[in-house]
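Source file: coords_28.cif. Holds: mmCIF, C-alpha atoms and all ligand atoms.
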data_model
#
loop_
_atom_site.label_atom_id
_atom_site.label_comp_id
_atom_site.auth_asym_id
_atom_site.auth_seq_id
_atom_site.Cartn_x
_atom_site.Cartn_y
_atom_site.Cartn_z
CA MET X 93 0.00 0.00 0.00
CA LYS X 94 1.12 3.54 -0.66
CA ASN X 95 -0.72 6.64 0.54
CA GLY X 96 -3.70 4.43 1.35
CA LYS X 97 -3.88 3.06 -2.20
CA PHE X 98 -3.69 -0.59 -3.23
CA CYS X 99 -0.56 -0.95 -5.37
CA TRP X 100 -0.65 -3.03 -8.55
CA GLY X 101 2.12 -4.30 -10.76
CA ILE X 102 1.86 -5.83 -14.22
CA ILE X 103 4.08 -8.56 -15.67
CA GLY X 104 4.05 -8.69 -19.48
CA CYS X 105 3.22 -5.49 -21.37
CA GLY X 106 1.26 -6.97 -24.28
CA LYS X 107 -2.27 -6.53 -25.65
CA ILE X 108 -4.40 -7.52 -22.69
CA ALA X 109 -2.17 -5.67 -20.21
CA HIS X 110 -3.21 -2.42 -21.93
CA GLN X 111 -6.89 -3.25 -21.47
CA PHE X 112 -6.35 -4.07 -17.81
CA ALA X 113 -4.40 -0.85 -17.19
CA ILE X 114 -7.25 1.18 -18.71
CA SER X 115 -9.74 -0.51 -16.37
CA LEU X 116 -7.46 -0.01 -13.37
CA SER X 117 -7.36 3.72 -14.05
CA VAL X 118 -11.08 4.04 -13.22
CA LEU X 119 -10.58 2.69 -9.70
CA PRO X 120 -9.72 5.53 -7.30
CA GLN X 121 -8.44 3.15 -4.60
CA ALA X 122 -5.94 1.51 -7.01
CA GLU X 123 -2.55 2.65 -8.22
CA LEU X 124 -0.49 1.11 -10.99
CA LEU X 125 2.85 1.24 -9.20
CA GLY X 126 5.10 -0.55 -11.67
CA VAL X 127 5.27 -2.71 -14.77
CA ALA X 128 7.78 -5.23 -16.11
CA SER X 129 8.50 -6.50 -19.57
CA LYS X 130 11.35 -8.49 -21.05
CA SER X 131 11.86 -5.38 -23.15
CA GLY X 132 12.84 -2.38 -21.03
CA GLU X 133 11.66 -0.06 -23.81
CA ARG X 134 8.22 -1.66 -23.88
CA ALA X 135 8.00 -1.43 -20.08
CA GLU X 136 8.94 2.24 -20.13
CA SER X 137 6.48 3.28 -22.81
CA PHE X 138 3.72 1.26 -21.09
CA ALA X 139 4.52 2.84 -17.72
CA ARG X 140 4.51 6.35 -19.18
CA LYS X 141 1.21 5.76 -20.95
CA TYR X 142 -0.56 4.66 -17.75
CA ASN X 143 1.32 6.83 -15.23
CA ALA X 144 3.09 3.99 -13.48
CA GLY X 145 6.05 5.36 -11.55
CA HIS X 146 8.35 2.36 -12.07
CA TRP X 147 9.31 0.10 -14.92
CA PHE X 148 11.67 -2.86 -15.17
CA ASP X 149 13.17 -5.16 -17.76
CA SER X 150 13.15 -7.89 -15.10
CA TYR X 151 10.01 -9.50 -13.65
CA ARG X 152 11.96 -10.26 -10.45
CA ASP X 153 12.81 -6.60 -9.85
CA LEU X 154 9.11 -5.72 -10.03
CA ALA X 155 8.15 -8.58 -7.68
CA ARG X 156 10.70 -7.32 -5.13
CA MET X 157 9.08 -3.88 -4.74
CA PRO X 158 8.10 -3.58 -1.08
CA GLU X 159 4.98 -1.41 -1.53
CA LEU X 160 3.53 -3.71 -4.17
CA ASP X 161 0.34 -5.52 -3.09
CA ALA X 162 -0.63 -7.59 -6.13
CA VAL X 163 0.59 -8.40 -9.62
CA TYR X 164 -1.48 -8.96 -12.73
CA VAL X 165 0.26 -11.66 -14.79
CA ALA X 166 -0.41 -10.94 -18.46
CA THR X 167 2.11 -13.08 -20.30
CA THR X 168 1.28 -15.93 -22.68
CA HIS X 169 -0.23 -19.08 -21.11
CA ASN X 170 3.06 -21.01 -20.98
CA PHE X 171 4.61 -18.44 -18.60
CA HIS X 172 1.70 -18.15 -16.16
CA TYR X 173 3.06 -20.84 -13.84
CA GLU X 174 6.59 -19.47 -13.44
CA ASN X 175 5.54 -15.80 -13.34
CA SER X 176 2.86 -16.46 -10.70
CA MET X 177 5.29 -18.61 -8.67
CA LEU X 178 7.77 -15.73 -8.71
CA CYS X 179 5.21 -13.29 -7.31
CA ILE X 180 4.06 -15.74 -4.64
CA ASP X 181 7.71 -16.30 -3.65
CA HIS X 182 7.90 -12.57 -2.99
CA GLY X 183 4.63 -12.55 -1.04
CA LYS X 184 2.66 -10.62 -3.68
CA GLY X 185 -0.97 -11.39 -4.42
CA VAL X 186 -1.53 -12.76 -7.94
CA LEU X 187 -4.24 -12.12 -10.49
CA CYS X 188 -3.16 -14.39 -13.35
CA GLU X 189 -4.68 -14.33 -16.84
CA LYS X 190 -6.68 -17.31 -18.06
CA PRO X 191 -5.96 -20.17 -18.22
CA LEU X 192 -4.36 -20.12 -14.76
CA THR X 193 -1.71 -22.55 -16.03
CA VAL X 194 -1.36 -24.88 -19.01
CA THR X 195 -2.00 -28.11 -17.10
CA ALA X 196 -3.91 -29.14 -13.98
CA ARG X 197 -0.67 -30.45 -12.50
CA GLU X 198 0.90 -26.99 -12.73
CA ALA X 199 -2.22 -25.44 -11.18
CA GLU X 200 -2.13 -27.89 -8.26
CA ARG X 201 1.44 -26.88 -7.51
CA LEU X 202 0.79 -23.20 -7.88
CA ILE X 203 -2.27 -23.35 -5.64
CA SER X 204 -0.50 -25.35 -2.94
CA HIS X 205 2.40 -22.88 -3.04
CA ALA X 206 -0.01 -19.94 -2.60
CA ILE X 207 -1.77 -21.71 0.27
CA SER X 208 1.47 -22.61 2.03
CA ARG X 209 2.76 -19.03 1.68
CA LYS X 210 -0.70 -17.62 2.60
CA VAL X 211 -0.71 -15.49 -0.55
CA PHE X 212 -3.76 -14.52 -2.58
CA LEU X 213 -4.09 -16.23 -5.98
CA MET X 214 -6.90 -15.91 -8.52
CA GLU X 215 -7.31 -16.71 -12.20
CA ALA X 216 -8.34 -13.52 -14.02
CA PHE X 217 -11.68 -14.90 -15.15
CA TRP X 218 -13.05 -11.41 -15.61
CA THR X 219 -16.40 -12.56 -17.01
CA ARG X 220 -17.32 -14.06 -13.63
CA PHE X 221 -17.34 -10.58 -12.10
CA LEU X 222 -19.36 -8.75 -14.74
CA PRO X 223 -22.78 -7.43 -13.67
CA SER X 224 -24.37 -9.42 -16.55
CA THR X 225 -22.99 -12.72 -15.22
CA LYS X 226 -24.06 -11.88 -11.69
CA LYS X 227 -27.56 -11.05 -12.91
CA LEU X 228 -27.72 -14.24 -14.96
CA LEU X 229 -26.88 -16.37 -11.91
CA GLU X 230 -29.39 -14.48 -9.80
CA LEU X 231 -32.15 -15.16 -12.39
CA LEU X 232 -31.21 -18.83 -12.52
CA ASP X 233 -31.23 -19.10 -8.70
CA ARG X 234 -34.70 -17.53 -8.72
CA LYS X 235 -35.75 -20.21 -11.25
CA VAL X 236 -36.95 -17.53 -13.64
CA ILE X 237 -36.55 -20.06 -16.48
CA GLY X 238 -37.22 -23.12 -14.31
CA GLU X 239 -34.55 -25.84 -14.09
CA VAL X 240 -31.64 -25.28 -16.46
CA LYS X 241 -31.26 -28.30 -18.73
CA MET X 242 -28.91 -27.08 -21.43
CA VAL X 243 -26.23 -24.47 -22.04
CA LYS X 244 -25.01 -23.66 -25.54
CA ALA X 245 -22.11 -21.24 -26.00
CA ASP X 246 -19.38 -20.47 -28.50
CA PHE X 247 -16.28 -18.33 -28.80
CA GLY X 248 -14.54 -18.22 -32.16
CA TYR X 249 -12.43 -15.47 -33.68
CA ASN X 250 -10.54 -15.25 -36.93
CA PHE X 251 -6.83 -14.86 -36.31
CA PRO X 252 -4.86 -15.11 -39.57
CA PHE X 253 -2.50 -18.08 -39.48
CA ASP X 254 0.91 -17.16 -38.08
CA ALA X 255 3.01 -20.07 -36.87
CA ILE X 256 4.94 -18.01 -34.30
CA SER X 257 1.99 -16.11 -32.80
CA ARG X 258 0.78 -17.00 -29.32
CA VAL X 259 -2.42 -18.26 -30.93
CA TYR X 260 -0.82 -20.87 -33.20
CA ASP X 261 2.52 -21.68 -31.52
CA PRO X 262 2.33 -24.86 -29.40
CA GLY X 263 5.46 -23.66 -27.57
CA LEU X 264 3.34 -20.79 -26.20
CA ALA X 265 0.45 -23.22 -25.51
CA GLY X 266 -1.57 -21.84 -28.44
CA GLY X 267 -4.89 -23.21 -29.64
CA ALA X 268 -8.60 -22.51 -29.43
CA LEU X 269 -9.32 -24.58 -26.33
CA LEU X 270 -6.92 -22.83 -23.95
CA ASP X 271 -7.37 -19.41 -25.47
CA VAL X 272 -11.12 -19.11 -25.95
CA GLY X 273 -12.73 -22.54 -25.41
CA VAL X 274 -12.07 -21.89 -21.76
CA TYR X 275 -14.82 -19.19 -21.81
CA PRO X 276 -17.81 -21.38 -22.71
CA ILE X 277 -16.43 -24.14 -20.45
CA ASN X 278 -16.20 -21.67 -17.59
CA LEU X 279 -19.78 -20.52 -18.21
CA ALA X 280 -21.14 -24.08 -18.18
CA GLN X 281 -19.21 -24.90 -15.00
CA GLN X 282 -20.45 -21.74 -13.34
CA ILE X 283 -24.06 -22.45 -14.23
CA PHE X 284 -24.08 -26.16 -13.41
CA ARG X 285 -21.83 -25.84 -10.32
CA SER X 286 -20.43 -29.34 -10.72
CA ASP X 287 -18.05 -31.25 -12.96
CA PRO X 288 -19.33 -33.10 -16.03
CA VAL X 289 -19.86 -36.84 -15.68
CA ASP X 290 -19.19 -37.39 -19.39
CA ILE X 291 -17.03 -35.41 -21.82
CA GLN X 292 -17.12 -35.78 -25.61
CA SER X 293 -15.07 -33.59 -27.90
CA SER X 294 -13.68 -33.14 -31.37
CA PHE X 295 -11.02 -30.90 -32.88
CA ILE X 296 -9.28 -29.77 -36.06
CA MET X 297 -5.50 -29.43 -35.86
CA SER X 298 -3.61 -26.53 -37.46
CA PRO X 299 -0.37 -27.16 -39.40
CA THR X 300 1.46 -26.19 -36.18
CA HIS X 301 -0.42 -28.89 -34.26
CA ILE X 302 -2.71 -26.83 -32.07
CA ASP X 303 -6.52 -27.07 -32.18
CA GLU X 304 -7.72 -24.36 -34.54
CA GLN X 305 -11.30 -25.45 -33.90
CA SER X 306 -12.70 -27.61 -31.15
CA SER X 307 -16.15 -28.63 -29.87
CA TYR X 308 -17.18 -30.04 -26.55
CA ILE X 309 -20.31 -31.83 -25.30
CA PHE X 310 -20.54 -32.28 -21.54
CA ARG X 311 -23.17 -34.25 -19.68
CA TYR X 312 -23.86 -33.29 -16.09
CA GLU X 313 -25.78 -35.16 -13.40
CA GLY X 314 -29.49 -34.37 -13.34
CA SER X 315 -30.08 -34.74 -17.11
CA ARG X 316 -28.18 -31.56 -18.00
CA MET X 317 -25.92 -30.83 -20.94
CA ALA X 318 -23.55 -28.23 -22.33
CA VAL X 319 -22.82 -27.89 -26.07
CA LEU X 320 -19.82 -25.65 -26.59
CA TYR X 321 -17.34 -24.73 -29.32
CA ALA X 322 -14.35 -22.51 -29.98
CA ALA X 323 -12.14 -21.48 -32.87
CA VAL X 324 -9.15 -19.30 -33.73
CA ASN X 325 -9.67 -19.47 -37.51
CA VAL X 326 -13.28 -18.35 -37.84
CA GLU X 327 -15.44 -15.70 -36.21
CA THR X 328 -18.50 -17.06 -34.42
CA ARG X 329 -21.33 -15.26 -32.61
CA HIS X 330 -19.98 -15.47 -29.03
CA ASP X 331 -23.51 -16.15 -27.87
CA ALA X 332 -24.72 -18.13 -24.91
CA TRP X 333 -28.17 -19.68 -24.72
CA ILE X 334 -29.40 -21.05 -21.41
CA TYR X 335 -32.37 -23.35 -21.82
CA GLY X 336 -34.60 -24.03 -18.82
CA THR X 337 -37.79 -26.02 -18.33
CA GLU X 338 -39.75 -22.73 -18.26
CA GLY X 339 -37.86 -20.45 -20.60
CA ILE X 340 -34.67 -19.32 -22.31
CA ILE X 341 -32.03 -16.71 -21.56
CA HIS X 342 -30.02 -15.43 -24.51
CA MET X 343 -26.75 -13.71 -23.66
CA PRO X 344 -25.28 -12.01 -26.75
CA ARG X 345 -21.45 -11.74 -26.62
CA PHE X 346 -21.66 -13.62 -23.36
CA TYR X 347 -18.04 -13.06 -22.29
CA CYS X 348 -18.54 -9.27 -22.22
CA ALA X 349 -22.34 -9.11 -22.07
CA SER X 350 -24.33 -6.03 -21.24
CA LYS X 351 -27.74 -7.47 -22.19
CA LEU X 352 -29.78 -10.49 -21.20
CA HIS X 353 -32.85 -11.45 -23.24
CA VAL X 354 -35.23 -13.48 -21.10
CA SER X 355 -38.17 -15.30 -22.70
CA ARG X 356 -40.48 -17.32 -20.49
CA SER X 357 -42.70 -20.19 -21.66
CA SER X 358 -45.67 -18.12 -20.42
CA GLY X 359 -44.96 -15.70 -23.30
CA GLU X 360 -43.34 -12.94 -21.19
CA LYS X 361 -40.25 -11.38 -22.76
CA GLU X 362 -37.81 -8.95 -21.17
CA THR X 363 -34.43 -7.47 -22.06
CA LEU X 364 -32.23 -6.50 -19.14
CA GLU X 365 -29.50 -3.90 -19.67
CA LEU X 366 -26.49 -4.30 -17.39
CA PRO X 367 -23.54 -1.96 -16.78
CA PHE X 368 -20.13 -2.61 -18.32
CA VAL X 369 -17.58 -0.14 -16.98
CA SER X 370 -14.48 0.85 -18.98
CA THR X 371 -12.86 -2.17 -20.68
CA GLY X 372 -14.55 -4.57 -18.24
CA TYR X 373 -11.54 -5.58 -16.13
CA SER X 374 -12.14 -3.30 -13.14
CA TYR X 375 -14.61 -5.78 -11.62
CA GLU X 376 -12.01 -8.54 -11.24
CA ALA X 377 -9.46 -6.03 -9.87
CA GLU X 378 -12.02 -4.89 -7.29
CA GLU X 379 -12.54 -8.51 -6.24
CA VAL X 380 -8.78 -8.94 -5.67
CA MET X 381 -8.65 -5.79 -3.54
CA ARG X 382 -11.79 -6.79 -1.60
CA CYS X 383 -10.45 -10.29 -0.88
CA MET X 384 -6.95 -9.16 0.05
CA GLY X 385 -8.39 -6.35 2.18
CA SER X 386 -10.22 -8.94 4.27
CA GLY X 387 -7.22 -11.28 4.48
CA LYS X 388 -8.54 -13.93 2.08
CA ILE X 389 -6.20 -15.97 -0.11
CA GLU X 390 -8.84 -16.96 -2.64
CA SER X 391 -12.05 -15.60 -4.09
CA ASP X 392 -15.41 -17.30 -3.53
CA ILE X 393 -16.43 -16.29 -7.07
CA MET X 394 -13.33 -17.72 -8.80
CA PRO X 395 -12.00 -20.15 -6.21
CA HIS X 396 -8.90 -22.30 -6.78
CA ARG X 397 -11.00 -25.46 -7.20
CA GLU X 398 -12.86 -23.93 -10.17
CA SER X 399 -9.64 -23.08 -12.02
CA LEU X 400 -8.38 -26.58 -11.31
CA GLY X 401 -11.65 -28.21 -12.41
CA ILE X 402 -11.58 -26.38 -15.76
CA LEU X 403 -7.94 -27.37 -16.35
CA LYS X 404 -8.72 -31.02 -15.57
CA ILE X 405 -11.46 -30.99 -18.20
CA MET X 406 -9.13 -29.36 -20.73
CA ASP X 407 -6.29 -31.80 -19.92
CA LYS X 408 -8.65 -34.71 -20.50
CA MET X 409 -9.79 -33.45 -23.89
CA ARG X 410 -6.27 -32.58 -25.05
CA GLN X 411 -5.09 -36.02 -24.00
CA SER X 412 -7.77 -37.64 -26.15
CA TRP X 413 -6.68 -35.47 -29.14
CA GLY X 414 -2.94 -36.09 -28.66
CA LEU X 415 -2.39 -32.33 -28.21
CA ILE X 416 0.73 -32.08 -26.08
CA TYR X 417 2.41 -28.88 -24.86
CA PRO X 418 5.91 -28.56 -23.40
CA ALA X 419 4.28 -28.11 -19.96
CA ASP X 420 2.86 -31.66 -20.26
CA LEU X 421 6.39 -33.00 -20.52
CA ILE X 422 8.12 -30.93 -17.84
CA GLU X 423 8.34 -32.44 -14.39
CA ARG X 424 8.25 -29.18 -12.45
CA LEU X 425 9.94 -29.00 -9.08
CA PRO X 426 7.49 -28.14 -6.29
N1 LIG O 1 -9.12 -11.64 -20.25
C1 LIG O 1 -9.16 -11.40 -21.56
O1 LIG O 1 -10.10 -10.83 -22.09
C2 LIG O 1 -7.99 -11.79 -22.39
C3 LIG O 1 -7.91 -11.34 -23.71
C4 LIG O 1 -6.76 -11.65 -24.43
C5 LIG O 1 -5.77 -12.42 -23.84
N2 LIG O 1 -5.92 -12.88 -22.57
C6 LIG O 1 -4.87 -13.68 -21.91
O2 LIG O 1 -3.78 -12.83 -21.64
C7 LIG O 1 -2.55 -13.50 -21.90
C8 LIG O 1 -1.71 -12.64 -22.82
O3 LIG O 1 -2.41 -12.43 -24.04
P1 LIG O 1 -2.03 -11.20 -25.01
O4 LIG O 1 -2.96 -11.26 -26.15
O5 LIG O 1 -1.92 -9.96 -24.22
O6 LIG O 1 -0.60 -11.69 -25.48
P2 LIG O 1 0.58 -10.93 -26.22
O7 LIG O 1 0.28 -9.48 -26.36
O8 LIG O 1 0.91 -11.70 -27.45
O9 LIG O 1 1.80 -11.15 -25.20
C9 LIG O 1 1.73 -10.78 -23.84
C10 LIG O 1 3.14 -10.76 -23.28
O10 LIG O 1 3.66 -12.10 -23.24
C11 LIG O 1 5.03 -12.10 -23.54
N3 LIG O 1 5.25 -12.83 -24.82
C12 LIG O 1 4.47 -12.82 -25.92
N4 LIG O 1 4.99 -13.60 -26.87
C13 LIG O 1 6.14 -14.10 -26.37
C14 LIG O 1 7.13 -14.98 -26.87
N5 LIG O 1 7.08 -15.47 -28.10
N6 LIG O 1 8.17 -15.29 -26.07
C15 LIG O 1 8.26 -14.78 -24.82
N7 LIG O 1 7.33 -13.95 -24.28
C16 LIG O 1 6.29 -13.62 -25.04
C17 LIG O 1 5.46 -10.63 -23.70
O11 LIG O 1 5.85 -10.20 -22.40
P3 LIG O 1 6.95 -9.04 -22.23
O12 LIG O 1 6.23 -7.74 -22.42
O13 LIG O 1 7.48 -9.23 -20.88
O14 LIG O 1 8.00 -9.28 -23.27
C18 LIG O 1 4.14 -9.98 -24.11
O15 LIG O 1 4.11 -8.60 -23.84
C19 LIG O 1 -2.91 -14.87 -22.45
O16 LIG O 1 -2.73 -15.84 -21.44
C20 LIG O 1 -4.38 -14.77 -22.83
O17 LIG O 1 -5.11 -15.95 -22.56
C21 LIG O 1 -7.00 -12.55 -21.84
#
Could you take the file, read its structure, and then write that structure out as structure tokens?
Amino acid sequence: MKNGKFCWGIIGCGKIAHQFAISLSVLPQAELLGVASKSGERAESFARKYNAGHWFDSYRDLARMPELDAVYVATTHNFHYENSMLCIDHGKGVLCEKPLTVTAREAERLISHAISRKVFLMEAFWTRFLPSTKKLLELLDRKVIGEVKMVKADFGYNFPFDAISRVYDPGLAGGALLDVGVYPINLAQQIFRSDPVDIQSSFIMSPTHIDEQSSYIFRYEGSRMAVLYAAVNVETRHDAWIYGTEGIIHMPRFYCASKLHVSRSSGEKETLELPFVSTGYSYEAEEVMRCMGSGKIESDIMPHRESLGILKIMDKMRQSWGLIYPADLIERLP
């Protein structure tokens, strides 16, 4: 803390880090204290743009800053484990981009390290904290559409093929599943609040051997299903449809939704408009500050077990496709 403000650091000054910094700037109780990039130049221009007082070409030097409260880890998936470990080693709270790690085994180790050091750790699943998601869950709890029986959701975008981009490079844990498939999976898990009892999936490999498209069908106890798909080579609608015994909720652009269309079997129809502040990342940052302010080491909204559960599902599907990342082969030291 510095002058009563919660001090943030950022590791990795790429695309999403800019979006996060914009959202942080709308929170009066937060200060972006410092940023780190492998490129000192990139760190400096990022810091100047968002009024951060310190910049480093070493992640370790950032993590060592005494006033720093928490670090937002915004590197590519393959670095999440080591960057988050570094921050935990230095006693800094961690908000790590999705997916928390590449494999469930890495997540288990990271989580147990955070618990043993009593340090806050949360996957930056920003959609969980949006007012639209909160409202959706409230409507479902109130049984506004009866019992939910099916969730359908997709997240595909068209990223031109580039073998060394983070999207297509297996060395950076590229692929649709880990990059965007994780969104519909997260939504289904959040709605059904349990793990699937059966998982079916299919995929199309890119020339670099990552899934450029993949589809998932999960069956949950209680006669419930999720039908989900993701892509990095074609734009899809990014819609979620939640089907209940007494109605349907349509969530356009569900990962950043500001509208919910509710249609009930009785014929009633309603569109709810929900706030979406700045670039949408302030809500997750507020959760980190709230949790750390009350001495918690995990969030009830994105608890460790949820991140782990999602990674176990993704591990299972990748295993069945023969999609192996370097992290699958590394026996990490605890
Ligand atoms: N929450 C969301 O809405 C959202 C949206 C997009 C992405 N993401 C997540 O955010 C993370 C970063 O995505 P991004 O699109 O911001 O990525 P990016 O701009 O391609 O890269 C982010 C940072 O990762 C490091 N990096 C990138 N490529 C590298 C390479 N080949 N070798 C070594 N380091 C490399 C660099 O860190 P340095 O600056 O230190 O060099 C870079 O600044 C991903 O895990 C992704 O899943 C989240």
Per residue of chain X within 6 Å of ligand LIG 1 (chain O), which atom pair is closest and at what distance in Å (one decimal), using all atoms listed in the file, listed by chain and increasing number, as JSON lines?
{"residue": "X:Gly104", "atom": "CA", "partner": "O:LIG1", "partner_atom": "O13", "distance": 3.7}
{"residue": "X:Cys105", "atom": "CA", "partner": "O:LIG1", "partner_atom": "O12", "distance": 3.9}
{"residue": "X:Gly106", "atom": "CA", "partner": "O:LIG1", "partner_atom": "O15", "distance": 3.3}
{"residue": "X:Lys107", "atom": "CA", "partner": "O:LIG1", "partner_atom": "O5", "distance": 3.7}
{"residue": "X:Ile108", "atom": "CA", "partner": "O:LIG1", "partner_atom": "O5", "distance": 3.8}
{"residue": "X:Ala109", "atom": "CA", "partner": "O:LIG1", "partner_atom": "O5", "distance": 5.9}
{"residue": "X:Ser129", "atom": "CA", "partner": "O:LIG1", "partner_atom": "O13", "distance": 3.2}
{"residue": "X:Lys130", "atom": "CA", "partner": "O:LIG1", "partner_atom": "O13", "distance": 3.9}
{"residue": "X:Ser131", "atom": "CA", "partner": "O:LIG1", "partner_atom": "O14", "distance": 5.5}
{"residue": "X:Ala166", "atom": "CA", "partner": "O:LIG1", "partner_atom": "C7", "distance": 4.8}
{"residue": "X:Thr167", "atom": "CA", "partner": "O:LIG1", "partner_atom": "O10", "distance": 3.5}
{"residue": "X:Thr168", "atom": "CA", "partner": "O:LIG1", "partner_atom": "O16", "distance": 4.2}
{"residue": "X:His169", "atom": "CA", "partner": "O:LIG1", "partner_atom": "O16", "distance": 4.1}
{"residue": "X:Glu189", "atom": "CA", "partner": "O:LIG1", "partner_atom": "O2", "distance": 5.1}
{"residue": "X:Lys190", "atom": "CA", "partner": "O:LIG1", "partner_atom": "O17", "distance": 5.0}
{"residue": "X:Arg258", "atom": "CA", "partner": "O:LIG1", "partner_atom": "O8", "distance": 5.6}
{"residue": "X:Asp271", "atom": "CA", "partner": "O:LIG1", "partner_atom": "O17", "distance": 5.1}
Could those residues be written to a file, using C-alpha atoms, as a tab-separated table (two decimals), in the frame of the given file?
chain	number	residue	atom	x	y	z
X	104	GLY	CA	4.05	-8.69	-19.48
X	105	CYS	CA	3.22	-5.49	-21.37
X	106	GLY	CA	1.26	-6.97	-24.28
X	107	LYS	CA	-2.27	-6.53	-25.65
X	108	ILE	CA	-4.40	-7.52	-22.69
X	109	ALA	CA	-2.17	-5.67	-20.21
X	129	SER	CA	8.50	-6.50	-19.57
X	130	LYS	CA	11.35	-8.49	-21.05
X	131	SER	CA	11.86	-5.38	-23.15
X	166	ALA	CA	-0.41	-10.94	-18.46
X	167	THR	CA	2.11	-13.08	-20.30
X	168	THR	CA	1.28	-15.93	-22.68
X	169	HIS	CA	-0.23	-19.08	-21.11
X	189	GLU	CA	-4.68	-14.33	-16.84
X	190	LYS	CA	-6.68	-17.31	-18.06
X	258	ARG	CA	0.78	-17.00	-29.32
X	271	ASP	CA	-7.37	-19.41	-25.47
Using only C-alpha atoms, tabulate the residues of segment 156-215 of chain X lying at most 12 Å from any atom of segment 415-418 of chain X, each with its closest atom pair and that distance in Å to one decimal, by chain and increasing residue number, as CSV.
residue,atom,partner,partner_atom,distance
X:His169,CA,X:Tyr417,CA,10.8
X:Asn170,CA,X:Pro418,CA,8.4
X:Phe171,CA,X:Pro418,CA,11.3
X:Thr193,CA,X:Tyr417,CA,11.6
X:Val194,CA,X:Tyr417,CA,8.0
X:Thr195,CA,X:Tyr417,CA,9.0
X:Glu198,CA,X:Pro418,CA,11.9
Just how far from atom CA of Lys244 of chain X is atom CA of Met317 of chain X, in Å to one decimal?
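Answer for the atom CA of Met317 of chain X to atom CA of Lys244 of chain X separation: 8.6 Å.
Distances here use only C-alpha atoms; by that measure, the residue among X:Tyr173, X:Phe221, X:Phe247, X:Phe284 closest to Asp233 of chain X is X:Phe284.
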Skip Arg345 of chain X itself and residues of its chain fewer than 6 positions away, then list as a CSV table (one decimal) with C-alpha atoms, keeping the file's coordinate frame all residues within 9 Å of it, counting only C-alpha atoms.
chain,number,residue,atom,x,y,z
X,247,PHE,CA,-16.3,-18.3,-28.8
X,329,ARG,CA,-21.3,-15.3,-32.6
X,330,HIS,CA,-20.0,-15.5,-29.0
X,331,ASP,CA,-23.5,-16.2,-27.9
X,332,ALA,CA,-24.7,-18.1,-24.9
X,351,LYS,CA,-27.7,-7.5,-22.2
So, counting only C-alpha atoms, which residue among X:Tyr164, X:Val127, X:His342, X:Thr225 is closest to Tyr151 of chain X?
X:Val127
Show which residues sit within 12 Å of Tyr347 of chain X, as a list in words. Count only C-alpha atoms, and ignore same-chain residues fewer than 5 positions away.
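The neighbour list is Phe217, Trp218, Thr219, Arg220, Phe221, Leu222, Pro223, Ser224, Thr225, Ala245, Asp246, Phe247, Gly248, Val272, Gly273, Val274, Tyr275, Pro276, Ile277, Asn278, Leu279, Arg329, His330, Asp331, Ala332, Phe368, Gly372 and Tyr373 of chain X.
Residues in contact with segment 181-184 of chain X at 10 Å, where only C-alpha atoms are counted and same-chain residues fewer than 2 positions away are skipped, are listed as Trp100, Gly101, Arg152, Leu154, Ala155, Arg156, Met157, Pro158, Glu159, Leu160, Asp161, Ala162, Val163, Asn175, Ser176, Met177, Leu178, Cys179, Val186, Leu187, His205, Ala206, Arg209, Lys210, Val211, Phe212 and Leu213 of chain X.
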Any chance you can output those residues with C-alpha atoms as a tab-separated table (two decimals), in the coordinates of the input?
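result09.tsv, freshly written:
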chain	number	residue	atom	x	y	z
X	100	TRP	CA	-0.65	-3.03	-8.55
X	101	GLY	CA	2.12	-4.30	-10.76
X	152	ARG	CA	11.96	-10.26	-10.45
X	154	LEU	CA	9.11	-5.72	-10.03
X	155	ALA	CA	8.15	-8.58	-7.68
X	156	ARG	CA	10.70	-7.32	-5.13
X	157	MET	CA	9.08	-3.88	-4.74
X	158	PRO	CA	8.10	-3.58	-1.08
X	159	GLU	CA	4.98	-1.41	-1.53
X	160	LEU	CA	3.53	-3.71	-4.17
X	161	ASP	CA	0.34	-5.52	-3.09
X	162	ALA	CA	-0.63	-7.59	-6.13
X	163	VAL	CA	0.59	-8.40	-9.62
X	175	ASN	CA	5.54	-15.80	-13.34
X	176	SER	CA	2.86	-16.46	-10.70
X	177	MET	CA	5.29	-18.61	-8.67
X	178	LEU	CA	7.77	-15.73	-8.71
X	179	CYS	CA	5.21	-13.29	-7.31
X	186	VAL	CA	-1.53	-12.76	-7.94
X	187	LEU	CA	-4.24	-12.12	-10.49
X	205	HIS	CA	2.40	-22.88	-3.04
X	206	ALA	CA	-0.01	-19.94	-2.60
X	209	ARG	CA	2.76	-19.03	1.68
X	210	LYS	CA	-0.70	-17.62	2.60
X	211	VAL	CA	-0.71	-15.49	-0.55
X	212	PHE	CA	-3.76	-14.52	-2.58
X	213	LEU	CA	-4.09	-16.23	-5.98
Mind working out the centre and edge lengths of an axis-aligned box for segment 155-169 of chain X, all listed atoms inside, 3 Å added to each side, rounded to one decimal in Å and written as lines of an AutoDock Vina configuration file?
center_x = 4.6
center_y = -10.2
center_z = -11.9
size_x = 18.2
size_y = 23.7
size_z = 27.6
What is the distance, in Å and to one decimal place, between atom CA of Ile237 of chain X and atom CA of Tyr308 of chain X?
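Atom-to-atom, atom CA of Ile237 of chain X and atom CA of Tyr308 of chain X are spaced 24.0 Å apart.
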